[in-house]
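Asks: Got a structure for you, query-v7.cif, holding mmCIF, C-alpha atoms, pLDDT in the B column; chains and numbers go by the auth columns.
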```
data_my_file
loop_
_atom_site.group_PDB
_atom_site.id
_atom_site.type_symbol
_atom_site.label_atom_id
_atom_site.label_comp_id
_atom_site.label_asym_id
_atom_site.label_seq_id
_atom_site.Cartn_x
_atom_site.Cartn_y
_atom_site.Cartn_z
_atom_site.B_iso_or_equiv
_atom_site.auth_seq_id
_atom_site.auth_asym_id
ATOM 1 C CA MET A 1 0.000 0.000 0.000 44.00 261 N
ATOM 2 C CA HIS A 2 1.359 3.422 -0.967 45.00 262 N
ATOM 3 C CA HIS A 3 1.096 5.912 1.882 44.00 263 N
ATOM 4 C CA ALA A 4 0.716 9.651 1.530 43.00 264 N
ATOM 5 C CA ALA A 5 3.322 10.319 4.197 41.00 265 N
ATOM 6 C CA LEU A 6 3.047 14.090 4.018 40.00 266 N
ATOM 7 C CA ILE A 7 -0.636 13.836 4.956 45.00 267 N
ATOM 8 C CA PRO A 8 -0.727 11.073 7.587 50.00 268 N
ATOM 9 C CA TRP A 9 -4.408 11.553 8.418 44.00 269 N
ATOM 10 C CA LEU A 10 -5.175 10.146 4.952 43.00 270 N
ATOM 11 C CA ASP A 11 -3.724 6.812 6.024 44.00 271 N
ATOM 12 C CA PRO A 12 -6.721 4.418 5.854 39.00 272 N
ATOM 13 C CA ALA A 13 -5.749 2.810 9.177 41.00 273 N
ATOM 14 C CA THR A 14 -5.880 6.245 10.825 43.00 274 N
ATOM 15 C CA ILE A 15 -9.226 7.053 9.249 38.00 275 N
ATOM 16 C CA ILE A 16 -10.715 3.708 10.237 38.00 276 N
ATOM 17 C CA GLY A 17 -9.306 3.880 13.752 42.00 277 N
ATOM 18 C CA THR A 18 -10.174 7.457 14.628 45.00 278 N
ATOM 19 C CA ALA A 19 -12.032 9.414 11.948 46.00 279 N
ATOM 20 C CA GLY A 20 -13.959 6.736 10.050 53.00 280 N
ATOM 21 C CA PRO A 21 -17.424 7.950 11.062 60.00 281 N
ATOM 22 C CA TRP A 22 -16.405 11.542 10.376 71.00 282 N
ATOM 23 C CA ALA A 23 -15.258 10.647 6.857 74.00 283 N
ATOM 24 C CA LEU A 24 -18.719 9.338 6.041 81.00 284 N
ATOM 25 C CA LEU A 25 -20.287 12.333 7.759 84.00 285 N
ATOM 26 C CA VAL A 26 -18.341 14.681 5.472 78.00 286 N
ATOM 27 C CA VAL A 27 -19.564 12.801 2.406 80.00 287 N
ATOM 28 C CA CYS A 28 -23.161 12.902 3.668 85.00 288 N
ATOM 29 C CA PHE A 29 -22.929 16.624 4.405 84.00 289 N
ATOM 30 C CA ILE A 30 -21.651 17.359 0.893 80.00 290 N
ATOM 31 C CA VAL A 31 -24.526 15.341 -0.578 86.00 291 N
ATOM 32 C CA PHE A 32 -26.987 17.172 1.676 89.00 292 N
ATOM 33 C CA ALA A 33 -25.549 20.564 0.730 84.00 293 N
ATOM 34 C CA GLU A 34 -25.894 19.850 -2.994 81.00 294 N
ATOM 35 C CA THR A 35 -29.687 20.081 -2.705 82.00 295 N
ATOM 36 C CA GLY A 36 -30.274 21.537 0.753 80.00 296 N
ATOM 37 C CA LEU A 37 -28.148 24.686 0.502 79.00 297 N
ATOM 38 C CA LEU A 38 -28.050 27.228 -2.306 71.00 298 N
ATOM 39 C CA VAL A 39 -24.248 27.108 -2.409 67.00 299 N
ATOM 40 C CA GLY A 40 -24.232 23.340 -2.917 60.00 300 N
ATOM 41 C CA PHE A 41 -23.807 23.602 -6.684 58.00 301 N
ATOM 42 C CA LEU A 42 -20.109 24.264 -6.039 57.00 302 N
ATOM 43 C CA LEU A 43 -19.655 20.695 -4.819 59.00 303 N
ATOM 44 C CA PRO A 44 -18.865 17.714 -7.124 60.00 304 N
ATOM 45 C CA GLY A 45 -21.452 15.226 -5.862 65.00 305 N
ATOM 46 C CA ASP A 46 -21.503 12.624 -8.660 74.00 306 N
ATOM 47 C CA THR A 47 -17.792 11.866 -8.500 75.00 307 N
ATOM 48 C CA LEU A 48 -17.839 11.755 -4.724 76.00 308 N
ATOM 49 C CA LEU A 49 -20.635 9.152 -4.663 83.00 309 N
ATOM 50 C CA VAL A 50 -18.803 6.809 -7.015 81.00 310 N
ATOM 51 C CA ILE A 51 -15.589 7.206 -4.997 79.00 311 N
ATOM 52 C CA ALA A 52 -17.499 6.548 -1.765 81.00 312 N
ATOM 53 C CA GLY A 53 -18.692 3.261 -3.235 84.00 313 N
ATOM 54 C CA LEU A 54 -15.169 2.331 -4.332 80.00 314 N
ATOM 55 C CA LEU A 55 -13.766 3.119 -0.894 78.00 315 N
ATOM 56 C CA SER A 56 -16.329 0.815 0.724 80.00 316 N
ATOM 57 C CA HIS A 57 -14.448 -2.246 -0.550 75.00 317 N
ATOM 58 C CA ALA A 58 -12.447 -4.300 1.910 64.00 318 N
ATOM 59 C CA ILE A 59 -8.899 -3.082 2.409 58.00 319 N
ATOM 60 C CA ALA A 60 -6.071 -4.011 4.714 50.00 320 N
ATOM 61 C CA GLY A 61 -7.270 -3.340 8.253 52.00 321 N
ATOM 62 C CA SER A 62 -10.989 -3.272 7.532 55.00 322 N
ATOM 63 C CA GLU A 63 -13.368 -5.656 5.810 64.00 323 N
ATOM 64 C CA HIS A 64 -15.742 -2.736 5.127 65.00 324 N
ATOM 65 C CA GLY A 65 -13.386 -0.184 3.605 69.00 325 N
ATOM 66 C CA VAL A 66 -12.411 3.245 4.882 71.00 326 N
ATOM 67 C CA PHE A 67 -15.820 3.987 6.413 77.00 327 N
ATOM 68 C CA GLY A 68 -15.751 0.891 8.607 75.00 328 N
ATOM 69 C CA ILE A 69 -19.363 -0.116 7.888 82.00 329 N
ATOM 70 C CA ASN A 70 -21.110 -2.239 5.273 85.00 330 N
ATOM 71 C CA VAL A 71 -21.587 -0.616 1.876 87.00 331 N
ATOM 72 C CA TRP A 72 -25.370 -1.007 2.157 91.00 332 N
ATOM 73 C CA PHE A 73 -25.383 1.279 5.187 91.00 333 N
ATOM 74 C CA VAL A 74 -23.025 3.709 3.431 89.00 334 N
ATOM 75 C CA ALA A 75 -25.337 3.880 0.416 92.00 335 N
ATOM 76 C CA LEU A 76 -28.461 4.172 2.587 95.00 336 N
ATOM 77 C CA LEU A 77 -26.984 7.023 4.640 93.00 337 N
ATOM 78 C CA ILE A 78 -25.909 8.853 1.488 92.00 338 N
ATOM 79 C CA GLY A 79 -29.348 8.334 -0.057 94.00 339 N
ATOM 80 C CA LEU A 80 -30.979 9.591 3.149 95.00 340 N
ATOM 81 C CA SER A 81 -28.753 12.676 3.098 94.00 341 N
ATOM 82 C CA ALA A 82 -29.808 13.353 -0.497 93.00 342 N
ATOM 83 C CA PHE A 83 -33.479 13.010 0.446 96.00 343 N
ATOM 84 C CA VAL A 84 -33.226 15.269 3.509 96.00 344 N
ATOM 85 C CA GLY A 85 -31.301 17.849 1.480 93.00 345 N
ATOM 86 C CA GLY A 86 -34.065 17.894 -1.108 94.00 346 N
ATOM 87 C CA GLU A 87 -36.707 18.384 1.579 96.00 347 N
ATOM 88 C CA VAL A 88 -34.776 21.236 3.192 94.00 348 N
ATOM 89 C CA GLY A 89 -34.330 22.926 -0.191 92.00 349 N
ATOM 90 C CA TYR A 90 -38.078 22.689 -0.787 94.00 350 N
ATOM 91 C CA VAL A 91 -38.876 24.171 2.641 94.00 351 N
ATOM 92 C CA ILE A 92 -36.449 27.053 2.026 91.00 352 N
ATOM 93 C CA GLY A 93 -38.215 27.866 -1.238 89.00 353 N
ATOM 94 C CA HIS A 94 -41.704 27.363 0.175 90.00 354 N
ATOM 95 C CA LYS A 95 -41.129 29.521 3.250 90.00 355 N
ATOM 96 C CA GLY A 96 -38.884 32.112 1.619 84.00 356 N
ATOM 97 C CA GLY A 97 -40.936 32.559 -1.533 83.00 357 N
ATOM 98 C CA PRO A 98 -39.652 34.600 -4.490 84.00 358 N
ATOM 99 C CA ALA A 99 -37.423 36.574 -2.109 80.00 359 N
ATOM 100 C CA VAL A 100 -35.082 33.560 -2.124 81.00 360 N
ATOM 101 C CA PHE A 101 -34.140 34.548 -5.688 78.00 361 N
ATOM 102 C CA GLU A 102 -33.682 38.208 -4.776 74.00 362 N
ATOM 103 C CA ARG A 103 -29.989 38.864 -4.237 69.00 363 N
ATOM 104 C CA LYS A 104 -26.807 40.217 -5.734 60.00 364 N
ATOM 105 C CA GLU A 105 -24.865 38.188 -8.312 61.00 365 N
ATOM 106 C CA SER A 106 -22.123 37.367 -5.833 57.00 366 N
ATOM 107 C CA GLY A 107 -20.656 34.328 -7.518 55.00 367 N
ATOM 108 C CA LEU A 108 -22.523 32.005 -5.164 58.00 368 N
ATOM 109 C CA PHE A 109 -25.880 32.678 -6.792 66.00 369 N
ATOM 110 C CA SER A 110 -26.872 33.387 -10.362 71.00 370 N
ATOM 111 C CA LYS A 111 -30.225 34.196 -11.911 76.00 371 N
ATOM 112 C CA LYS A 112 -29.055 32.196 -14.930 78.00 372 N
ATOM 113 C CA ASN A 113 -28.883 29.075 -12.779 80.00 373 N
ATOM 114 C CA VAL A 114 -32.500 29.549 -11.734 84.00 374 N
ATOM 115 C CA GLU A 115 -33.540 30.170 -15.326 83.00 375 N
ATOM 116 C CA ARG A 116 -31.768 26.984 -16.391 86.00 376 N
ATOM 117 C CA THR A 117 -33.640 25.066 -13.694 88.00 377 N
ATOM 118 C CA ASN A 118 -36.938 26.627 -14.744 89.00 378 N
ATOM 119 C CA ALA A 119 -36.266 25.492 -18.319 88.00 379 N
ATOM 120 C CA PHE A 120 -35.967 21.907 -17.048 88.00 380 N
ATOM 121 C CA PHE A 121 -39.333 22.196 -15.294 90.00 381 N
ATOM 122 C CA GLU A 122 -40.897 23.687 -18.421 87.00 382 N
ATOM 123 C CA ARG A 123 -39.727 20.732 -20.465 88.00 383 N
ATOM 124 C CA PHE A 124 -40.027 17.786 -18.094 88.00 384 N
ATOM 125 C CA GLY A 125 -42.690 18.881 -15.594 87.00 385 N
ATOM 126 C CA GLY A 126 -42.679 17.444 -12.091 88.00 386 N
ATOM 127 C CA ILE A 127 -40.275 14.601 -12.903 90.00 387 N
ATOM 128 C CA THR A 128 -37.583 17.289 -13.147 90.00 388 N
ATOM 129 C CA VAL A 129 -37.173 16.676 -9.397 92.00 389 N
ATOM 130 C CA ILE A 130 -35.961 13.151 -10.277 93.00 390 N
ATOM 131 C CA LEU A 131 -33.951 14.017 -13.378 91.00 391 N
ATOM 132 C CA ALA A 132 -32.316 17.029 -11.707 89.00 392 N
ATOM 133 C CA ARG A 133 -30.363 14.723 -9.396 90.00 393 N
ATOM 134 C CA PHE A 134 -28.114 13.828 -12.308 88.00 394 N
ATOM 135 C CA VAL A 135 -27.614 17.404 -13.559 84.00 395 N
ATOM 136 C CA PRO A 136 -25.130 19.631 -11.673 80.00 396 N
ATOM 137 C CA ILE A 137 -26.485 23.070 -10.670 80.00 397 N
ATOM 138 C CA VAL A 138 -30.048 22.045 -11.561 85.00 398 N
ATOM 139 C CA ARG A 139 -30.124 19.585 -8.657 86.00 399 N
ATOM 140 C CA THR A 140 -29.271 22.452 -6.305 86.00 400 N
ATOM 141 C CA PHE A 141 -31.949 24.852 -7.504 88.00 401 N
ATOM 142 C CA ALA A 142 -34.751 22.416 -8.413 91.00 402 N
ATOM 143 C CA PRO A 143 -35.943 21.816 -4.799 93.00 403 N
ATOM 144 C CA VAL A 144 -35.972 25.560 -4.115 90.00 404 N
ATOM 145 C CA ALA A 145 -37.780 26.340 -7.388 90.00 405 N
ATOM 146 C CA ALA A 146 -40.362 23.660 -6.588 92.00 406 N
ATOM 147 C CA GLY A 147 -40.881 25.155 -3.130 92.00 407 N
ATOM 148 C CA VAL A 148 -41.180 28.736 -4.380 90.00 408 N
ATOM 149 C CA GLY A 149 -43.724 27.617 -6.988 90.00 409 N
ATOM 150 C CA HIS A 150 -45.653 25.660 -4.310 90.00 410 N
ATOM 151 C CA MET A 151 -45.425 22.308 -6.015 91.00 411 N
ATOM 152 C CA PRO A 152 -47.716 19.948 -4.037 92.00 412 N
ATOM 153 C CA TRP A 153 -45.605 18.671 -1.157 92.00 413 N
ATOM 154 C CA ARG A 154 -46.724 15.036 -1.358 93.00 414 N
ATOM 155 C CA LYS A 155 -45.949 14.878 -5.056 93.00 415 N
ATOM 156 C CA TYR A 156 -42.614 16.597 -4.569 95.00 416 N
ATOM 157 C CA THR A 157 -41.613 14.305 -1.705 96.00 417 N
ATOM 158 C CA LEU A 158 -42.392 11.194 -3.762 96.00 418 N
ATOM 159 C CA TYR A 159 -40.237 12.427 -6.641 95.00 419 N
ATOM 160 C CA ASN A 160 -37.543 13.540 -4.212 96.00 420 N
ATOM 161 C CA LEU A 161 -37.456 10.081 -2.632 96.00 421 N
ATOM 162 C CA ILE A 162 -37.180 8.362 -6.011 96.00 422 N
ATOM 163 C CA GLY A 163 -34.427 10.736 -7.103 94.00 423 N
ATOM 164 C CA ALA A 164 -32.490 10.288 -3.856 94.00 424 N
ATOM 165 C CA ILE A 165 -32.617 6.505 -4.206 95.00 425 N
ATOM 166 C CA LEU A 166 -31.560 6.474 -7.863 94.00 426 N
ATOM 167 C CA TRP A 167 -28.818 9.080 -7.419 93.00 427 N
ATOM 168 C CA GLY A 168 -27.524 8.827 -3.840 92.00 428 N
ATOM 169 C CA PHE A 169 -27.988 5.111 -3.235 94.00 429 N
ATOM 170 C CA GLY A 170 -27.616 4.086 -6.877 93.00 430 N
ATOM 171 C CA LEU A 171 -24.365 5.882 -7.735 89.00 431 N
ATOM 172 C CA THR A 172 -22.758 4.727 -4.485 90.00 432 N
ATOM 173 C CA MET A 173 -23.594 1.100 -5.269 92.00 433 N
ATOM 174 C CA PHE A 174 -22.415 1.641 -8.843 89.00 434 N
ATOM 175 C CA GLY A 175 -19.038 2.741 -7.497 85.00 435 N
ATOM 176 C CA TYR A 176 -18.957 -0.323 -5.261 88.00 436 N
ATOM 177 C CA ALA A 177 -19.763 -2.585 -8.228 88.00 437 N
ATOM 178 C CA ILE A 178 -16.894 -1.080 -10.224 82.00 438 N
ATOM 179 C CA GLY A 179 -14.572 -2.277 -7.475 79.00 439 N
ATOM 180 C CA PHE A 180 -15.308 -5.896 -8.446 82.00 440 N
ATOM 181 C CA ILE A 181 -13.459 -5.395 -11.705 80.00 441 N
ATOM 182 C CA PRO A 182 -10.068 -6.985 -10.843 74.00 442 N
ATOM 183 C CA PRO A 183 -7.796 -4.204 -12.190 79.00 443 N
ATOM 184 C CA VAL A 184 -9.873 -1.554 -10.421 70.00 444 N
ATOM 185 C CA ALA A 185 -10.028 -3.550 -7.185 65.00 445 N
ATOM 186 C CA ASP A 186 -6.257 -4.061 -7.210 70.00 446 N
ATOM 187 C CA PHE A 187 -5.702 -0.371 -7.850 71.00 447 N
ATOM 188 C CA VAL A 188 -7.983 0.614 -4.963 63.00 448 N
ATOM 189 C CA GLU A 189 -6.224 -1.837 -2.646 57.00 449 N
ATOM 190 C CA SER A 190 -2.752 -0.562 -3.577 63.00 450 N
ATOM 191 C CA TYR A 191 -3.429 3.161 -3.848 62.00 451 N
ATOM 192 C CA ILE A 192 -6.261 3.701 -1.378 58.00 452 N
ATOM 193 C CA ASP A 193 -4.578 6.656 0.330 60.00 453 N
ATOM 194 C CA LEU A 194 -3.811 8.361 -2.987 65.00 454 N
ATOM 195 C CA ILE A 195 -7.463 7.942 -3.969 63.00 455 N
ATOM 196 C CA LEU A 196 -8.434 9.560 -0.675 59.00 456 N
ATOM 197 C CA LEU A 197 -6.038 12.382 -1.380 63.00 457 N
ATOM 198 C CA ALA A 198 -7.580 12.870 -4.827 66.00 458 N
ATOM 199 C CA ALA A 199 -11.095 12.772 -3.362 61.00 459 N
ATOM 200 C CA VAL A 200 -10.420 15.296 -0.602 60.00 460 N
ATOM 201 C CA GLY A 201 -8.025 17.526 -2.514 64.00 461 N
ATOM 202 C CA GLY A 202 -10.011 17.301 -5.746 64.00 462 N
ATOM 203 C CA THR A 203 -13.226 18.321 -4.015 60.00 463 N
ATOM 204 C CA ALA A 204 -11.516 21.340 -2.437 63.00 464 N
ATOM 205 C CA LEU A 205 -9.874 22.414 -5.699 71.00 465 N
ATOM 206 C CA VAL A 206 -13.010 22.044 -7.812 65.00 466 N
ATOM 207 C CA THR A 207 -15.035 23.964 -5.240 62.00 467 N
ATOM 208 C CA LEU A 208 -12.459 26.762 -5.138 69.00 468 N
ATOM 209 C CA TRP A 209 -12.250 26.877 -8.945 71.00 469 N
ATOM 210 C CA HIS A 210 -16.022 27.146 -9.355 64.00 470 N
ATOM 211 C CA TYR A 211 -16.235 29.840 -6.699 64.00 471 N
ATOM 212 C CA LEU A 212 -13.436 31.970 -8.186 73.00 472 N
ATOM 213 C CA ARG A 213 -14.785 31.570 -11.714 71.00 473 N
ATOM 214 C CA GLU A 214 -18.279 32.688 -10.705 65.00 474 N
ATOM 215 C CA ARG A 215 -16.869 35.616 -8.738 68.00 475 N
ATOM 216 C CA TYR A 216 -14.762 36.671 -11.721 73.00 476 N
ATOM 217 C CA LYS A 217 -17.707 36.475 -14.125 69.00 477 N
ATOM 218 C CA ALA A 218 -19.917 38.504 -11.771 65.00 478 N
ATOM 219 C CA LYS A 219 -17.204 41.141 -11.339 71.00 479 N
ATOM 220 C CA LYS A 220 -16.696 41.435 -15.116 72.00 480 N
ATOM 221 C CA GLU A 221 -20.418 41.822 -15.734 63.00 481 N
ATOM 222 C CA ALA A 222 -20.632 44.531 -13.071 62.00 482 N
ATOM 223 C CA GLU A 223 -17.682 46.396 -14.588 68.00 483 N
ATOM 224 C CA ALA A 224 -19.353 46.196 -18.005 68.00 484 N
ATOM 225 C CA GLY A 225 -22.390 47.982 -16.582 64.00 485 N
ATOM 226 C CA HIS A 226 -24.680 44.966 -16.583 62.00 486 N
ATOM 227 C CA ASP A 227 -27.435 44.636 -14.007 60.00 487 N
ATOM 228 C CA VAL A 228 -26.048 42.146 -11.501 58.00 488 N
ATOM 229 C CA VAL A 229 -28.785 42.518 -8.904 66.00 489 N
ATOM 230 C CA THR A 230 -31.985 40.486 -8.946 69.00 490 N
ATOM 231 C CA ASP A 231 -34.644 42.844 -7.608 67.00 491 N
ATOM 232 C CA ALA A 232 -38.078 41.956 -6.239 74.00 492 N
ATOM 233 C CA ALA A 233 -39.816 42.155 -9.631 75.00 493 N
ATOM 234 C CA GLU A 234 -37.212 39.925 -11.302 75.00 494 N
ATOM 235 C CA ALA A 235 -37.376 37.458 -8.428 74.00 495 N
ATOM 236 C CA GLU A 236 -41.158 37.258 -8.751 79.00 496 N
ATOM 237 C CA ALA A 237 -40.790 36.593 -12.486 76.00 497 N
ATOM 238 C CA LEU A 238 -38.575 33.594 -11.719 79.00 498 N
ATOM 239 C CA THR A 239 -41.406 31.878 -9.833 85.00 499 N
ATOM 240 C CA LEU A 240 -42.868 28.928 -11.728 83.00 500 N
ATOM 241 C CA ASP A 241 -46.606 28.605 -12.304 81.00 501 N
ATOM 242 C CA SER A 242 -48.073 25.636 -10.450 81.00 502 N
ATOM 243 C CA GLU A 243 -49.379 24.141 -13.714 83.00 503 N
ATOM 244 C CA VAL A 244 -45.781 23.465 -14.772 82.00 504 N
ATOM 245 C CA PHE A 245 -45.491 20.744 -12.144 86.00 505 N
ATOM 246 C CA ASP A 246 -48.431 18.810 -13.604 80.00 506 N
ATOM 247 C CA ARG A 247 -47.231 18.735 -17.203 77.00 507 N
ATOM 248 C CA ALA A 248 -46.171 15.555 -18.937 74.00 508 N
ATOM 249 C CA PRO A 249 -42.545 15.623 -20.060 77.00 509 N
ATOM 250 C CA ASP A 250 -41.629 16.960 -23.490 65.00 510 N
ATOM 251 C CA LEU A 251 -39.139 14.214 -24.259 66.00 511 N
ATOM 252 C CA ASP A 252 -38.543 15.079 -27.908 63.00 512 N
ATOM 253 C CA GLY A 253 -38.118 18.804 -27.277 64.00 513 N
ATOM 254 C CA ASP A 254 -40.753 19.906 -29.801 62.00 514 N
ATOM 255 C CA GLY A 255 -42.582 22.070 -27.266 63.00 515 N
ATOM 256 C CA LYS A 256 -45.541 19.690 -27.021 65.00 516 N
ATOM 257 C CA HIS A 257 -46.267 17.786 -23.812 58.00 517 N
#
```
Please re-express this file's structure in C-alpha cells.
Replies:
Amino acid sequence: MHHAALIPWLDPATIIGTAGPWALLVVCFIVFAETGLLVGFLLPGDTLLVIAGLLSHAIAGSEHGVFGINVWFVALLIGLSAFVGGEVGYVIGHKGGPAVFERKESGLFSKKNVERTNAFFERFGGITVILARFVPIVRTFAPVAAGVGHMPWRKYTLYNLIGAILWGFGLTMFGYAIGFIPPVADFVESYIDLILLAAVGGTALVTLWHYLRERYKAKKEAEAGHDVVTDAAEAEALTLDSEVFDRAPDLDGDGKH
C-alpha cells in the first residue's frame, strides 16, 4: 500500500481507527448541501458518490473499507442525506418565496442558474425533481424552485425520494460494483490513500475553482455595466406557475407535452 506520508491523516488505518465515522459524515454533508443549501452547486457530488462506493471495498485493516461499515449502510446514509437535502431545499423555497431569488450576483448565486432550472421544469414537468439529481447546478436549484412555486408537497416528496434513491444510493452502489473489476479492485487496494487524497483535494480544488470563476464572471459583468442585482420584480418573475409541475414531459423537445 502506498502511503501519503506528508498527509498522515489520509492513512486508511488512521481514518478507520479514529475518523472513520467523520469521513462518512463529510460525504453525507456534501450530498446534503448539494440540494439543501443554495451554495451546494459548487460541490462535485456525482464523482464523490462513485468514490465513496469504491472506498467501501475491503482493504487491509478493515473488511468494510475506509468507512468501517457495510456498503449497504453507506449507500443508505448517502441516499438519506440526499433526500433530507431535497426536503430542506423545498422548505427554504416554500417559506422564503420569491425573495429567495432576490440577491446580488455574488458568484454564489446566479439568476441564470434559476432560469436553467426553470427550463428543465418547463420541459419535463414534475419529474424534473428526479432528473435534476443527475444534472449539476439544476439539482441544487430544483428543490428551491419547486418550493417557491408551491409544487404539491406530497408529489414533490415522492419524486424527491425516487431521485435520492436512484442518485444517492444508486451511484454509491455503482461505485462499489466497479470495485469488483479486478484491475480496479487491485488499484484501490494498492493506492487507497492516494485515492483519498484525490477525493479530498479534488473536491476542495473544484469547489475553489467554481467559486473563483463565478466571482470573476460577476465582477466582469458589473464592470461592463450589466445589471447584476436580482430585484423583487425579477425574483417574482422567476417563480414557476403551479401548472408546470403537472405537465407531462416533453421528451422530444418539440414544445408539445
Asks: At what distance in Å, to one decimal, does atom CA of Gly339 of chain N lie from atom CA of Ile425 of chain N?
Replies: 5.6 Å
Asks: Just want the 10 Å neighbourhood of Ala392 of chain N, counted on all atoms listed in the file, with same-chain residues fewer than 4 positions away dropped. Output as a list in words.
Replies: Thr295, Thr377, Phe380, Phe381, Ile387, Thr388, Pro396, Ile397, Val398, Arg399, Thr400, Phe401, Ala402, Pro403, Asn420, Gly423 and Trp427 of chain N
Asks: Could you list as a VMD selection string every residue that has an atom within 9 Å of (-38.7, 13.4, -8.8), using the file's coordinates and counting all atoms listed in the file?
Replies: chain N and resid 386 to 393 415 to 424
Asks: Please identify all polymer residues lying at most 10 Å from the point (-25.1, 1.3, 2.2) (file coordinates), using only C-alpha atoms, and present the result as a list in words.
Replies: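 Final list of nearby residues, as requested, is Gly313, Ser316, Ile329, Asn330, Val331, Trp332, Phe333, Val334, Ala335, Leu336, Leu337, Ile338, Gly339, Gly428, Phe429, Gly430, Thr432, Met433 and Tyr436 of chain N.
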Asks: Check what the PyMOL selection byres ((chain N and resi 354) around 9) selects in the file above and give those residues as a VMD selection string.
Replies: chain N and resid 349 to 353 355 to 358 404 to 411
Asks: Write out, as JSON lines, each residue of segment 313-404 of chain N that has an atom at most 7 Å from segment 284-294 of chain N, together with the closest pair of atoms and their distance in Å to one decimal, counting all atoms listed in the file, rows going by chain and rising number.
Replies:
```
{"residue": "N:Phe327", "atom": "CA", "partner": "N:Leu284", "partner_atom": "CA", "distance": 6.1}
{"residue": "N:Ile338", "atom": "CA", "partner": "N:Cys288", "partner_atom": "CA", "distance": 5.4}
{"residue": "N:Ser341", "atom": "CA", "partner": "N:Phe292", "partner_atom": "CA", "distance": 5.0}
{"residue": "N:Ala342", "atom": "CA", "partner": "N:Phe292", "partner_atom": "CA", "distance": 5.2}
{"residue": "N:Val344", "atom": "CA", "partner": "N:Phe292", "partner_atom": "CA", "distance": 6.8}
{"residue": "N:Gly345", "atom": "CA", "partner": "N:Phe292", "partner_atom": "CA", "distance": 4.4}
{"residue": "N:Thr400", "atom": "CA", "partner": "N:Glu294", "partner_atom": "CA", "distance": 5.4}
```
Asks: Give the answer as one residue: which of N:Val360, N:Leu426, N:Val374, N:Leu431 has the shortest atom-to-atom distance to Leu314 of chain N, using only C-alpha atoms?
Replies: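 Residue with the minimum atom-to-atom distance to Leu314 of chain N: N:Leu431.
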Asks: Name every residue that the PyMOL selection byres ((chain N and resi 498) around 9) selects in this structure, writing the answer as a tab-separated table (two decimals) with C-alpha atoms, keeping the file's coordinate frame with chains first and numbers rising.
Replies:
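The resulting file, part-v2.tsv, is reproduced below:
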```
chain	number	residue	atom	x	y	z
N	358	PRO	CA	-39.65	34.60	-4.49
N	361	PHE	CA	-34.14	34.55	-5.69
N	371	LYS	CA	-30.22	34.20	-11.91
N	374	VAL	CA	-32.50	29.55	-11.73
N	375	GLU	CA	-33.54	30.17	-15.33
N	378	ASN	CA	-36.94	26.63	-14.74
N	405	ALA	CA	-37.78	26.34	-7.39
N	493	ALA	CA	-39.82	42.16	-9.63
N	494	GLU	CA	-37.21	39.92	-11.30
N	495	ALA	CA	-37.38	37.46	-8.43
N	496	GLU	CA	-41.16	37.26	-8.75
N	497	ALA	CA	-40.79	36.59	-12.49
N	499	THR	CA	-41.41	31.88	-9.83
N	500	LEU	CA	-42.87	28.93	-11.73
```
Asks: Which distance in Å separates atom CA of Thr307 of chain N and atom CA of Ile438 of chain N, to one decimal?
Replies: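 Atom-to-atom, atom CA of Thr307 of chain N and atom CA of Ile438 of chain N are spaced 13.1 Å apart.
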Asks: Rounded to one decimal in Å, what is the spacing between atom CA of Val395 of chain N and atom CA of Ala283 of chain N?
Replies: 24.8 Å
